[in-house]
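Here's the structure we're looking at; comments come further down.
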Protein chains: 2
Amino acid sequence: MPFDPNSLTYDEKGLIPAIAQDPDGEILMMAWMNAESVAATLETGRVTYWSRSRQSFWIKGETSGHTQELIEMRVDCDRDCLLLIVRQTGPACHTNRRSCFYTAIRGGEEVELMKPES
Amino acid sequence: MPFDPNSLTYDEKGLIPAIAQDPDGEILMMAWMNAESVAATLETGRVTYWSRSRQSFWIKGETSGHTQELIEMRVDCDRDCLLLIVRQTGPACHTNRRSCFYTAIRGGEEVELMKPES
């Protein structure tokens, strides 16, 4: 079946969450896309989110160089969430860490799992 | 630092997305939590979402038996997304597949990656 970005279920703001995972299974980040950024990501192979704070397209790594090259896009059963398998260059997180999920809750305490890359 | 579920950033409906991943790295599903379900998940060790369609707590597997036992909860840099490392019993998806992300986009076509478990 041909894929149509408009066949996805977007929220009231026209957005869908997109989880970025590297090929080894590490979850790097979660951000948002609209139908146009889904289409652009598939067309260019460069992961392109929608920035809710800037209200504009956000080609990941365009300014930082920390790009995400799309390996594969997946859709969930409800068509309201995307999984992006990506080749990440440099850290994915704006804090310069590999992953945004660097804080664990252990025994009721917050524990830092990784340091910023130098 | 002690963890407080109220320190997370929830959307205008009081919800935060939560990604469930098994210890081998497979992403199983994405659903939503509110502050009370975050607290309940940490307290009981049984993953408890908030069902947007039913507007009620959703203890994963309570009716199906396909439970999720929490191994670890992680918080992202913006504190607006959760990652749950879980031990999944049976399929995570309501279609009886291991993961909800069973559809890939390849060459513009939708491809089914896994079949329902029997």
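Identifiers for the structure tokens are assigned positionally: chains receive A, B, ... in sequence, residues are indexed from 1 per chain, and ligands are indexed from 1 in the order shown.
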Write out, as a Markdown table, each residue of chain A that has an atom at most 7 Å from chain B, together with the closest pair of atoms and their distance in Å to one decimal, counting only C-alpha atoms, rows going by chain and rising number.
| residue | atom | partner | partner_atom | distance |
| --- | --- | --- | --- | --- |
| A:Met1 | CA | B:Glu110 | CA | 5.3 |
| A:Pro2 | CA | B:Glu109 | CA | 4.3 |
| A:Phe3 | CA | B:Glu109 | CA | 5.2 |
| A:Gly25 | CA | B:Gly25 | CA | 4.5 |
| A:Glu26 | CA | B:Gly25 | CA | 6.5 |
| A:Glu72 | CA | B:Ile105 | CA | 6.8 |
| A:Met73 | CA | B:Ile105 | CA | 5.6 |
| A:Arg74 | CA | B:Ala104 | CA | 4.2 |
| A:Val75 | CA | B:Thr103 | CA | 5.4 |
| A:Asp76 | CA | B:Phe101 | CA | 4.2 |
| A:Cys77 | CA | B:Cys100 | CA | 5.2 |
| A:Cys100 | CA | B:Asp76 | CA | 4.9 |
| A:Phe101 | CA | B:Asp76 | CA | 4.2 |
| A:Tyr102 | CA | B:Asp76 | CA | 6.5 |
| A:Thr103 | CA | B:Val75 | CA | 5.4 |
| A:Ala104 | CA | B:Arg74 | CA | 4.2 |
| A:Ile105 | CA | B:Met73 | CA | 5.6 |
| A:Gly108 | CA | B:Phe3 | CA | 5.5 |
| A:Glu109 | CA | B:Pro2 | CA | 4.3 |
| A:Glu110 | CA | B:Met1 | CA | 5.3 |
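The smallest atom-to-atom distance between Thr41 in chain B and any of B:Ala20, B:Leu8, B:Leu70, B:Leu15, using only C-alpha atoms, is found for B:Leu70.
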As a count of residues only, which residues of chain B does DSSP assign to helix (DSSP H, G or I)? 13
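Between CA of Pro91 in chain A and CA of Glu117 in chain A there is a distance of 7.3 Å.
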Can you list, as a list in words, every protein, DNA or RNA residue that comes within 10 Å of Ala39 in chain B when you count only C-alpha atoms, leaving out same-chain residues fewer than 4 positions away?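 My list of contacting residues is Phe3, Asp4, Pro5, Asn6, Met33, Asn34, Ala35, Glu43, Thr44, Gly45 and Thr48 of chain B.
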For the residues in the current selection, export N, CA, C and O atoms as an mmCIF file, in the first residue's frame.
data_model
loop_
_atom_site.group_PDB
_atom_site.id
_atom_site.type_symbol
_atom_site.label_atom_id
_atom_site.label_comp_id
_atom_site.auth_asym_id
_atom_site.auth_seq_id
_atom_site.Cartn_x
_atom_site.Cartn_y
_atom_site.Cartn_z
ATOM 1 N N PHE B 3 12.898 12.529 43.193
ATOM 2 C CA PHE B 3 12.059 12.730 42.021
ATOM 3 C C PHE B 3 10.635 13.044 42.437
ATOM 4 O O PHE B 3 10.042 12.352 43.252
ATOM 5 N N ASP B 4 10.072 14.091 41.836
ATOM 6 C CA ASP B 4 8.687 14.481 42.091
ATOM 7 C C ASP B 4 7.932 14.461 40.755
ATOM 8 O O ASP B 4 8.274 15.220 39.850
ATOM 9 N N PRO B 5 6.897 13.611 40.626
ATOM 10 C CA PRO B 5 6.151 13.566 39.359
ATOM 11 C C PRO B 5 5.605 14.929 38.941
ATOM 12 O O PRO B 5 5.425 15.185 37.751
ATOM 13 N N ASN B 6 5.379 15.821 39.901
ATOM 14 C CA ASN B 6 4.859 17.142 39.563
ATOM 15 C C ASN B 6 5.930 18.058 38.966
ATOM 16 O O ASN B 6 5.616 19.161 38.505
ATOM 17 N N MET B 33 0.700 9.369 30.103
ATOM 18 C CA MET B 33 0.560 9.313 31.561
ATOM 19 C C MET B 33 0.193 10.696 32.076
ATOM 20 O O MET B 33 0.532 11.704 31.450
ATOM 21 N N ASN B 34 -0.470 10.729 33.227
ATOM 22 C CA ASN B 34 -0.580 11.984 33.962
ATOM 23 C C ASN B 34 0.246 11.829 35.251
ATOM 24 O O ASN B 34 0.866 10.776 35.473
ATOM 25 N N ALA B 35 0.282 12.869 36.063
ATOM 26 C CA ALA B 35 1.151 12.833 37.245
ATOM 27 C C ALA B 35 0.791 11.668 38.170
ATOM 28 O O ALA B 35 1.668 11.012 38.744
ATOM 29 N N GLU B 43 5.284 3.489 42.152
ATOM 30 C CA GLU B 43 4.944 2.895 43.453
ATOM 31 C C GLU B 43 4.669 1.401 43.335
ATOM 32 O O GLU B 43 5.092 0.608 44.175
ATOM 33 N N THR B 44 3.938 1.022 42.275
ATOM 34 C CA THR B 44 3.517 -0.385 42.155
ATOM 35 C C THR B 44 4.468 -1.218 41.298
ATOM 36 O O THR B 44 4.444 -2.450 41.377
ATOM 37 N N GLY B 45 5.257 -0.557 40.420
ATOM 38 C CA GLY B 45 6.097 -1.305 39.488
ATOM 39 C C GLY B 45 5.322 -1.889 38.330
ATOM 40 O O GLY B 45 5.875 -2.579 37.486
ATOM 41 N N THR B 48 1.269 1.954 34.469
ATOM 42 C CA THR B 48 -0.098 2.471 34.514
ATOM 43 C C THR B 48 -0.173 3.735 33.673
ATOM 44 O O THR B 48 0.398 4.759 34.034
#
